[in-house]
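What follows is the content of query.cif (mmCIF, C-alpha atoms).
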```cif
data_model
#
loop_
_atom_site.label_atom_id
_atom_site.label_comp_id
_atom_site.auth_asym_id
_atom_site.auth_seq_id
_atom_site.Cartn_x
_atom_site.Cartn_y
_atom_site.Cartn_z
CA MET A 1 -23.47 261.08 135.36
CA MET A 2 -22.79 263.81 132.85
CA LEU A 3 -19.57 262.30 131.59
CA LYS A 4 -20.96 258.82 130.96
CA GLU A 5 -18.94 256.90 128.36
CA THR A 6 -16.31 259.58 127.99
CA ILE A 7 -12.60 258.78 128.09
CA ALA A 8 -10.40 261.02 130.21
CA LEU A 9 -6.67 261.24 130.83
CA VAL A 10 -5.40 262.98 133.95
CA THR A 11 -1.64 263.47 134.06
CA GLY A 12 -0.02 263.30 137.47
CA GLY A 13 -3.15 261.54 138.68
CA SER A 14 -1.56 259.55 141.46
CA ARG A 15 -1.58 262.15 144.21
CA GLY A 16 -2.87 265.51 145.36
CA ILE A 17 -4.91 267.58 142.95
CA GLY A 18 -4.53 264.99 140.16
CA ARG A 19 -5.98 262.28 142.35
CA ALA A 20 -8.96 264.43 143.34
CA ILE A 21 -9.59 265.28 139.66
CA SER A 22 -9.40 261.60 138.65
CA VAL A 23 -11.83 260.60 141.39
CA ARG A 24 -14.21 263.44 140.59
CA LEU A 25 -14.29 262.79 136.83
CA SER A 26 -14.87 259.11 137.38
CA ALA A 27 -17.71 259.92 139.80
CA SER A 28 -19.30 261.82 136.90
CA GLY A 29 -19.08 258.69 134.77
CA ALA A 30 -15.81 259.08 132.86
CA PHE A 31 -13.37 256.23 132.33
CA VAL A 32 -10.19 257.75 133.73
CA PHE A 33 -6.64 256.97 132.71
CA ILE A 34 -4.55 257.87 135.75
CA ASN A 35 -1.12 258.84 134.48
CA TYR A 36 1.86 258.69 136.84
CA HIS A 37 5.60 258.69 136.42
CA GLN A 38 7.19 257.31 139.56
CA ASN A 39 4.73 256.51 142.31
CA GLU A 40 2.90 253.39 141.13
CA LYS A 41 1.60 252.64 144.61
CA ALA A 42 -0.11 256.03 144.84
CA ALA A 43 -1.57 255.65 141.34
CA ALA A 44 -2.96 252.23 142.26
CA GLU A 45 -4.47 253.81 145.37
CA THR A 46 -6.21 256.45 143.21
CA LEU A 47 -7.62 253.64 141.08
CA ARG A 48 -8.77 251.76 144.20
CA ILE A 49 -10.63 254.85 145.44
CA ILE A 50 -12.30 255.17 142.04
CA GLN A 51 -13.32 251.53 141.98
CA ASP A 52 -14.60 251.64 145.58
CA LYS A 53 -16.97 254.38 144.46
CA GLY A 54 -18.16 252.25 141.55
CA GLY A 55 -16.12 254.06 138.89
CA ASN A 56 -13.81 252.79 136.19
CA GLY A 57 -10.26 253.58 135.22
CA GLU A 58 -6.78 252.35 134.57
CA ILE A 59 -3.32 253.40 135.70
CA CYS A 60 -1.00 254.44 132.93
CA ARG A 61 2.72 255.05 133.41
CA PHE A 62 4.60 257.48 131.21
CA ASP A 63 6.85 260.49 131.56
CA VAL A 64 4.97 263.49 130.16
CA SER A 65 8.26 265.30 129.53
CA ASP A 66 9.20 262.70 126.89
CA PHE A 67 7.58 263.53 123.54
CA THR A 68 7.82 260.10 121.90
CA THR A 69 6.69 258.11 124.95
CA THR A 70 3.73 260.44 125.44
CA GLN A 71 2.66 260.13 121.79
CA LYS A 72 2.78 256.35 122.08
CA ALA A 73 0.87 256.20 125.36
CA ILE A 74 -1.92 258.40 124.07
CA ARG A 75 -2.09 256.54 120.77
CA ASN A 76 -2.56 253.38 122.82
CA ILE A 77 -5.44 254.90 124.76
CA VAL A 78 -7.19 255.87 121.54
CA LYS A 79 -6.52 252.42 120.10
CA THR A 80 -7.97 250.52 123.04
CA LYS A 81 -10.83 252.89 123.90
CA GLY A 82 -11.59 254.34 120.48
CA ALA A 83 -11.52 257.96 121.69
CA ILE A 84 -10.01 260.57 123.96
CA ASP A 85 -12.55 263.11 125.14
CA ILE A 86 -10.89 264.84 128.07
CA LEU A 87 -7.29 265.73 128.81
CA VAL A 88 -6.31 267.28 132.12
CA ASN A 89 -2.70 268.45 132.18
CA ASN A 90 -1.95 268.37 135.86
CA ALA A 91 1.50 266.74 136.16
CA ALA A 92 3.92 269.24 137.61
CA VAL A 93 7.02 269.59 139.71
CA SER A 94 8.09 272.45 141.90
CA ILE A 95 11.63 273.30 142.95
CA ASP A 96 11.42 276.40 145.10
CA GLY A 97 14.26 278.67 146.06
CA LEU A 98 15.58 282.16 145.64
CA PHE A 99 16.25 282.95 142.00
CA VAL A 100 19.87 283.93 142.53
CA ARG A 101 20.59 280.40 143.78
CA THR A 102 18.67 278.45 141.13
CA LYS A 103 20.45 275.98 138.90
CA GLU A 104 20.14 275.44 135.18
CA GLN A 105 18.99 271.89 135.87
CA ASP A 106 16.12 273.20 138.04
CA TRP A 107 14.91 275.29 135.12
CA ASN A 108 15.15 272.35 132.73
CA ASP A 109 13.31 270.00 135.08
CA ILE A 110 10.48 272.42 135.74
CA ILE A 111 10.01 273.51 132.14
CA ASP A 112 10.26 269.93 130.84
CA THR A 113 7.56 268.53 133.07
CA ASN A 114 5.22 271.47 133.58
CA LEU A 115 5.32 273.27 130.24
CA LYS A 116 6.72 270.80 127.73
CA GLY A 117 4.66 268.04 129.36
CA THR A 118 1.53 270.08 128.70
CA PHE A 119 2.65 270.65 125.11
CA ASN A 120 3.44 266.95 124.63
CA CYS A 121 0.04 265.80 125.82
CA CYS A 122 -1.90 268.49 123.93
CA ARG A 123 0.06 267.68 120.80
CA ALA A 124 -0.79 263.99 121.15
CA VAL A 125 -4.55 264.42 121.70
CA THR A 126 -5.37 267.24 119.28
CA LYS A 127 -5.23 265.11 116.13
CA HIS A 128 -7.77 262.69 117.61
CA MET A 129 -9.98 265.42 119.04
CA MET A 130 -9.99 267.24 115.69
CA LYS A 131 -11.18 264.06 114.00
CA GLN A 132 -13.82 263.55 116.68
CA ARG A 133 -14.93 267.16 116.31
CA SER A 134 -15.06 267.37 120.08
CA GLY A 135 -12.75 267.50 123.05
CA ARG A 136 -11.97 269.22 126.31
CA ILE A 137 -8.55 270.18 127.53
CA VAL A 138 -8.02 271.62 131.00
CA ASN A 139 -4.54 272.81 131.90
CA ILE A 140 -3.64 273.25 135.54
CA SER A 141 -1.76 276.51 135.92
CA SER A 142 -1.36 278.46 139.16
CA VAL A 143 -2.19 281.87 140.60
CA VAL A 144 1.56 282.53 140.72
CA ALA A 145 1.49 282.59 136.89
CA GLU A 146 -0.44 285.86 137.13
CA GLY A 147 0.64 287.24 140.47
CA GLY A 148 4.19 285.97 140.77
CA ASN A 149 5.75 284.65 143.95
CA ALA A 150 9.23 285.20 145.37
CA GLY A 151 11.00 281.85 145.50
CA GLN A 152 8.91 280.41 142.68
CA THR A 153 10.26 282.23 139.65
CA LEU A 154 10.86 279.09 137.58
CA TYR A 155 7.57 277.51 138.61
CA SER A 156 5.69 280.75 137.82
CA ALA A 157 7.34 280.95 134.41
CA SER A 158 6.28 277.40 133.56
CA LYS A 159 2.72 278.04 134.76
CA ALA A 160 2.47 281.34 132.88
CA GLY A 161 3.66 279.55 129.74
CA ILE A 162 0.72 277.21 130.17
CA LEU A 163 -1.67 280.18 130.06
CA GLY A 164 -0.30 281.34 126.70
CA LEU A 165 -0.54 277.84 125.33
CA THR A 166 -4.11 277.51 126.60
CA LYS A 167 -5.31 280.75 125.02
CA SER A 168 -3.71 280.22 121.61
CA LEU A 169 -4.83 276.63 121.38
CA ALA A 170 -8.37 277.66 122.31
CA ARG A 171 -8.37 280.07 119.35
CA GLU A 172 -6.93 277.51 116.97
CA LEU A 173 -9.20 274.60 117.85
CA GLY A 174 -12.49 276.35 118.55
CA SER A 175 -13.86 275.60 115.09
CA ARG A 176 -13.42 271.90 115.84
CA ASN A 177 -15.52 272.08 119.00
CA ILE A 178 -12.50 271.63 121.23
CA CYS A 179 -12.52 273.76 124.37
CA VAL A 180 -9.22 274.60 126.04
CA ASN A 181 -9.23 276.22 129.46
CA ALA A 182 -6.96 276.65 132.43
CA VAL A 183 -7.53 276.39 136.14
CA ALA A 184 -5.24 278.38 138.42
CA PRO A 185 -5.19 277.01 141.94
CA GLY A 186 -3.94 279.06 144.87
CA PHE A 187 -2.62 277.59 148.11
CA ILE A 188 -3.91 274.00 148.12
CA ASP A 189 -3.21 271.39 150.80
CA THR A 190 -1.12 268.73 149.03
CA ASP A 191 2.30 267.09 149.36
CA MET A 192 3.70 269.96 147.28
CA THR A 193 2.70 272.57 149.87
CA GLY A 194 3.10 270.22 152.85
CA SER A 195 6.79 270.91 153.31
CA LEU A 196 6.24 274.52 154.39
CA SER A 197 6.91 275.51 158.00
CA GLU A 198 3.90 276.21 160.23
CA GLU A 199 4.94 279.85 160.34
CA ASN A 200 5.05 280.25 156.56
CA ARG A 201 1.81 278.37 156.20
CA ALA A 202 0.06 280.67 158.69
CA LYS A 203 1.47 283.69 156.88
CA ILE A 204 0.04 282.54 153.55
CA ILE A 205 -3.33 281.66 155.04
CA SER A 206 -3.56 285.14 156.57
CA GLN A 207 -3.52 286.52 153.01
CA ILE A 208 -6.44 284.38 151.82
CA PRO A 209 -9.80 286.21 152.01
CA LEU A 210 -11.60 282.89 152.51
CA SER A 211 -9.22 282.24 155.44
CA ARG A 212 -8.36 278.66 154.67
CA PRO A 213 -6.15 276.68 152.33
CA GLY A 214 -7.93 275.08 149.37
CA THR A 215 -8.49 271.36 149.07
CA PRO A 216 -7.72 269.22 146.01
CA GLU A 217 -11.49 268.70 145.80
CA ASP A 218 -12.02 272.45 145.42
CA VAL A 219 -9.89 272.32 142.27
CA ALA A 220 -11.42 269.06 141.04
CA GLY A 221 -14.91 270.53 141.17
CA THR A 222 -13.91 273.35 138.83
CA VAL A 223 -12.23 270.93 136.42
CA ALA A 224 -15.37 268.77 136.45
CA PHE A 225 -17.42 271.85 135.56
CA LEU A 226 -15.12 272.80 132.68
CA VAL A 227 -15.34 269.35 131.09
CA SER A 228 -19.11 269.11 131.55
CA ARG A 229 -21.82 270.14 129.09
CA ASP A 230 -22.49 273.14 131.34
CA ALA A 231 -19.23 274.64 130.06
CA ASP A 232 -19.93 274.06 126.35
CA TYR A 233 -19.48 277.76 125.55
CA ILE A 234 -16.37 278.41 127.63
CA THR A 235 -12.96 278.34 125.99
CA GLY A 236 -9.67 280.16 126.45
CA HIS A 237 -10.59 280.99 130.03
CA VAL A 238 -8.57 280.94 133.22
CA ILE A 239 -10.52 280.17 136.38
CA ARG A 240 -8.76 280.91 139.65
CA VAL A 241 -9.55 278.54 142.47
CA CYS A 242 -7.64 280.35 145.18
CA GLY A 243 -9.95 281.60 147.92
CA GLY A 244 -9.23 285.11 146.69
CA ILE A 245 -5.48 285.10 147.40
CA TYR A 246 -5.04 286.70 143.99
CA ILE A 247 -7.77 289.02 142.78
CA MET B 1 -9.42 252.11 92.95
CA THR B 2 -6.96 254.48 91.29
CA VAL B 3 -5.00 257.02 93.32
CA GLU B 4 -7.15 259.73 91.77
CA GLU B 5 -10.36 258.10 92.95
CA GLN B 6 -9.00 257.48 96.43
CA VAL B 7 -7.82 261.07 96.75
CA LYS B 8 -11.18 262.41 95.57
CA ASN B 9 -13.05 260.20 98.04
CA ILE B 10 -10.99 261.53 100.92
CA ILE B 11 -11.49 265.12 99.78
CA MET B 12 -15.26 264.66 99.42
CA GLU B 13 -15.46 263.24 102.93
CA GLN B 14 -13.12 265.72 104.60
CA LEU B 15 -14.34 268.90 102.93
CA ASN B 16 -17.94 267.84 102.45
CA VAL B 17 -17.91 268.64 98.71
CA THR B 18 -19.46 266.83 95.72
CA GLU B 19 -17.66 264.81 93.07
CA GLU B 20 -18.53 267.47 90.48
CA GLU B 21 -16.64 270.06 92.53
CA CYS B 22 -13.55 267.86 92.67
CA LEU B 23 -12.00 269.08 89.42
CA PRO B 24 -8.25 268.50 89.07
CA GLU B 25 -7.53 272.22 89.01
CA ALA B 26 -9.83 273.01 91.97
CA LYS B 27 -7.98 274.93 94.66
CA PHE B 28 -8.66 273.77 98.22
CA ILE B 29 -8.85 277.19 99.79
CA ASP B 30 -10.21 279.33 96.93
CA ASP B 31 -12.56 276.83 95.26
CA LEU B 32 -13.44 274.23 97.86
CA GLY B 33 -13.85 276.56 100.83
CA ALA B 34 -11.19 274.97 103.00
CA ASP B 35 -9.45 276.87 105.78
CA SER B 36 -5.90 276.21 106.96
CA LEU B 37 -7.07 273.73 109.59
CA ASP B 38 -9.15 271.84 106.98
CA LEU B 39 -6.06 271.61 104.83
CA VAL B 40 -4.01 270.14 107.66
CA GLU B 41 -6.76 267.63 108.41
CA LEU B 42 -6.90 266.69 104.76
CA ILE B 43 -3.16 266.13 104.67
CA MET B 44 -3.34 264.03 107.85
CA ALA B 45 -6.09 261.92 106.29
CA MET B 46 -3.97 261.42 103.15
CA GLU B 47 -0.98 260.44 105.29
CA ASP B 48 -3.06 257.88 107.20
CA HIS B 49 -4.68 256.48 104.08
CA PHE B 50 -1.56 256.16 101.94
CA GLY B 51 0.82 255.41 104.82
CA LEU B 52 3.24 258.21 104.01
CA GLU B 53 4.42 261.41 105.60
CA ILE B 54 4.17 264.75 103.85
CA ALA B 55 6.79 267.19 105.11
CA ASP B 56 5.72 270.74 105.98
CA GLU B 57 8.11 272.12 103.34
CA GLU B 58 6.32 270.13 100.66
CA LEU B 59 2.91 271.35 101.75
CA ALA B 60 3.59 274.73 100.19
CA GLN B 61 3.56 273.15 96.75
CA ILE B 62 0.15 271.62 97.24
CA SER B 63 -2.81 273.82 96.46
CA THR B 64 -4.99 271.90 93.99
CA ILE B 65 -6.40 268.39 93.77
CA LYS B 66 -4.03 267.64 90.90
CA ASP B 67 -1.08 268.64 93.13
CA VAL B 68 -2.10 266.01 95.68
CA ILE B 69 -2.61 263.29 93.11
CA ASP B 70 0.75 264.06 91.46
CA TYR B 71 2.50 264.16 94.83
CA ILE B 72 1.14 260.81 95.99
CA THR B 73 1.75 259.15 92.62
CA SER B 74 5.36 260.33 92.63
CA LYS B 75 5.87 259.10 96.21
CA GLN B 76 4.38 255.72 95.42
CA SER B 77 6.55 255.15 92.37
CA THR B 78 9.77 255.77 94.33
#
```

Represent the structure contained in this file as structure tokens.
Amino acid sequence: MMLKETIALVTGGSRGIGRAISVRLSASGAFVFINYHQNEKAAAETLRIIQDKGGNGEICRFDVSDFTTTQKAIRNIVKTKGAIDILVNNAAVSIDGLFVRTKEQDWNDIIDTNLKGTFNCCRAVTKHMMKQRSGRIVNISSVVAEGGNAGQTLYSASKAGILGLTKSLARELGSRNICVNAVAPGFIDTDMTGSLSEENRAKIISQIPLSRPGTPEDVAGTVAFLVSRDADYITGHVIRVCGGIYI
Amino acid sequence: MTVEEQVKNIIMEQLNVTEEECLPEAKFIDDLGADSLDLVELIMAMEDHFGLEIADEELAQISTIKDVIDYITSKQST
């Protein structure tokens, strides 16, 4: 129970990787705020899983792409719980398609949620973490941020932006004992990757040295490590959890 | 407590300095050993304590304890 009595916020915690992270952090003892935007039923299900395992948490609706709403929501968490120890920026959308056919709105939607959402949440927690003289931020990026992927130009751009944010923030906040790291998942079995055809799926898996897609739990385990005391001396790092698809 | 006393208390707590070091002309960075992040934290603490907002443009004019006291006094009298 290494995270006993810590307060965590996981954005996009209702499904997929976010759900697995929420469940895993709560299993380590953290009180987890499960942020969601639209799918309340799925968020409630994440909370039920947590409670079934004897953990504690709360669902928490806000749109990470909205600066003011996000500030308010996080201020509320600090007000009711007295602290914010862990932030996991996981909320993300993906609109795939060939670049030449992309729309301006696609760019706006992806950047607003993935990159600006990460900024909004970091901006809201840093003041409190600086005062606490402690904090852990884990940003969920992607291997496509480093390796690129045809059909995911906008998504890659947003996820690469997250890496720059992570590294600069790590430099700026290190003296306040705040660690900022990124996790870059590869091909993970979630709703986001579920829409692929069997053929495309098989093609991707054939490129993975570990010969299987990742699970949300694979990613959650790495996040749990980064927010634990075992990672006290790690900041500004990017850990790929991708079965070797990008080396 | 006067504004001066309140300001000095916040500075002593934030920058971990003694009352003797808190001379009106003491410069935060040169004399009190603050770095840029300390200065921002100090300003945030002042904002919380006095319930006001100090704009980034105005920050440039603040470098000594007297600057802070004068700034807050002028804001409070308006």

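All residues of protein, DNA or RNA that reach within 6 Å of range 86-99 of chain A, judged by all atoms listed in the file and not counting those fewer than 4 positions away in the chain, are Ala8, Leu9, Val10, Thr11, Gly12, Ile110, Thr113, Asn114, Thr118, Gly135, Arg136, Ile137, Val138, Asn139, Ile140, Gly151 and Gln152 of chain A.
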
**Prompt:** Can you find the residues with an atom no farther than 10 Å from (-14.6, 260.3, 129.5), counting only C-alpha atoms, and report them as a ChimeraX atom specification?
**Reply:** /A:2-9,25-26,28-33,57,83-87,135-136,227

**Request:** May I ask you to extract the residues of chain A within 10 Å of chain B, using all atoms listed in the file, and to give them as a ChimeraX atom specification?
**Result:** /A:127,130-131,172-173,175-176

**Asked** What does the distance between CA of Glu58 in chain A and CA of Thr46 in chain A come to in Å, to one decimal place?
**Response** 9.6 Å

**Message:** Let me make sure I understand: among A:Gly13, A:Pro185, A:Gly117, A:Gly18, which one has the smallest atom-to-atom distance to Tyr246 in chain A if we use only C-alpha atoms?
**Reply:** A:Pro185

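Between CA of Val23 in chain A and CA of Lys72 in chain A lies a distance of 24.6 Å.
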
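The spacing separating CA of Val143 in chain A from CA of Val241 in chain A amounts to 8.3 Å.
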
**Item:** Sphere at (-8.0, 255.5, 93.6), radius 12 Å, counting only C-alpha atoms: residues as an NGL selection string
**Value:** :B and (1-11 or 46 or 49-50 or 69 or 72-73)

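Within 8 Å of Glu21 in chain B, once all atoms listed in the file are used and residues closer than 4 positions along the same chain are dropped, the contacting residues are B:Val17, B:Ala26, B:Leu32.
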
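Evaluating the PyMOL selection byres ((chain A and resi 144) around 9) against the shown model yields A:Ser141, A:Ser142, A:Val143, A:Ala145, A:Glu146, A:Gly147, A:Gly148, A:Asn149, A:Gln152, A:Thr153, A:Tyr155, A:Ser156, A:Ala157, A:Lys159, A:Ala160, A:Ala184, A:Pro185, A:Gly186, A:Tyr246.
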
**Request:** Just the residues within 10 Å of Gly54 in chain A, please, counting only C-alpha atoms, with nothing from its chain fewer than 2 positions along; format it as an NGL selection string.
**Result:** :A and (26-27 or 29 or 48-52 or 56)

**Asked** Any chance you could work out the residue set of the PyMOL selection byres ((chain A and resi 221) around 12) here, as a PyMOL selection string?
**Response** chain A and resi 17-18+20-25+27-28+183+185+214-220+222-228+239+241

**Message:** Could you check the closest approach to Asp63 in chain A for each of A:Ala170, A:Ile234, A:Ile204, A:Cys121 and tell me which residue wins, using all atoms listed in the file?
**Reply:** A:Cys121

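Close contacts of Gly243 in chain A, defined as residues with an atom at most 10 Å away when counting all atoms listed in the file, with chain neighbours fewer than 3 positions off set aside, comprise Pro185, Gly186, Phe187, Ile188, Ile205, Gln207, Ile208, Pro209, Leu210, Ser211, Arg212, Pro213, Gly214, Asp218, Arg240, Tyr246 and Ile247 of chain A.
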
Find the axis-aligned box for range 41-54 of chain B, covering all its listed atoms and adding 3 Å on each side, and write its centre and edge lengths in Å to one decimal as lines of an AutoDock Vina configuration file.
```
center_x = -1.2
center_y = 261.5
center_z = 105.2
size_x = 17.3
size_y = 18.2
size_z = 12.5
```
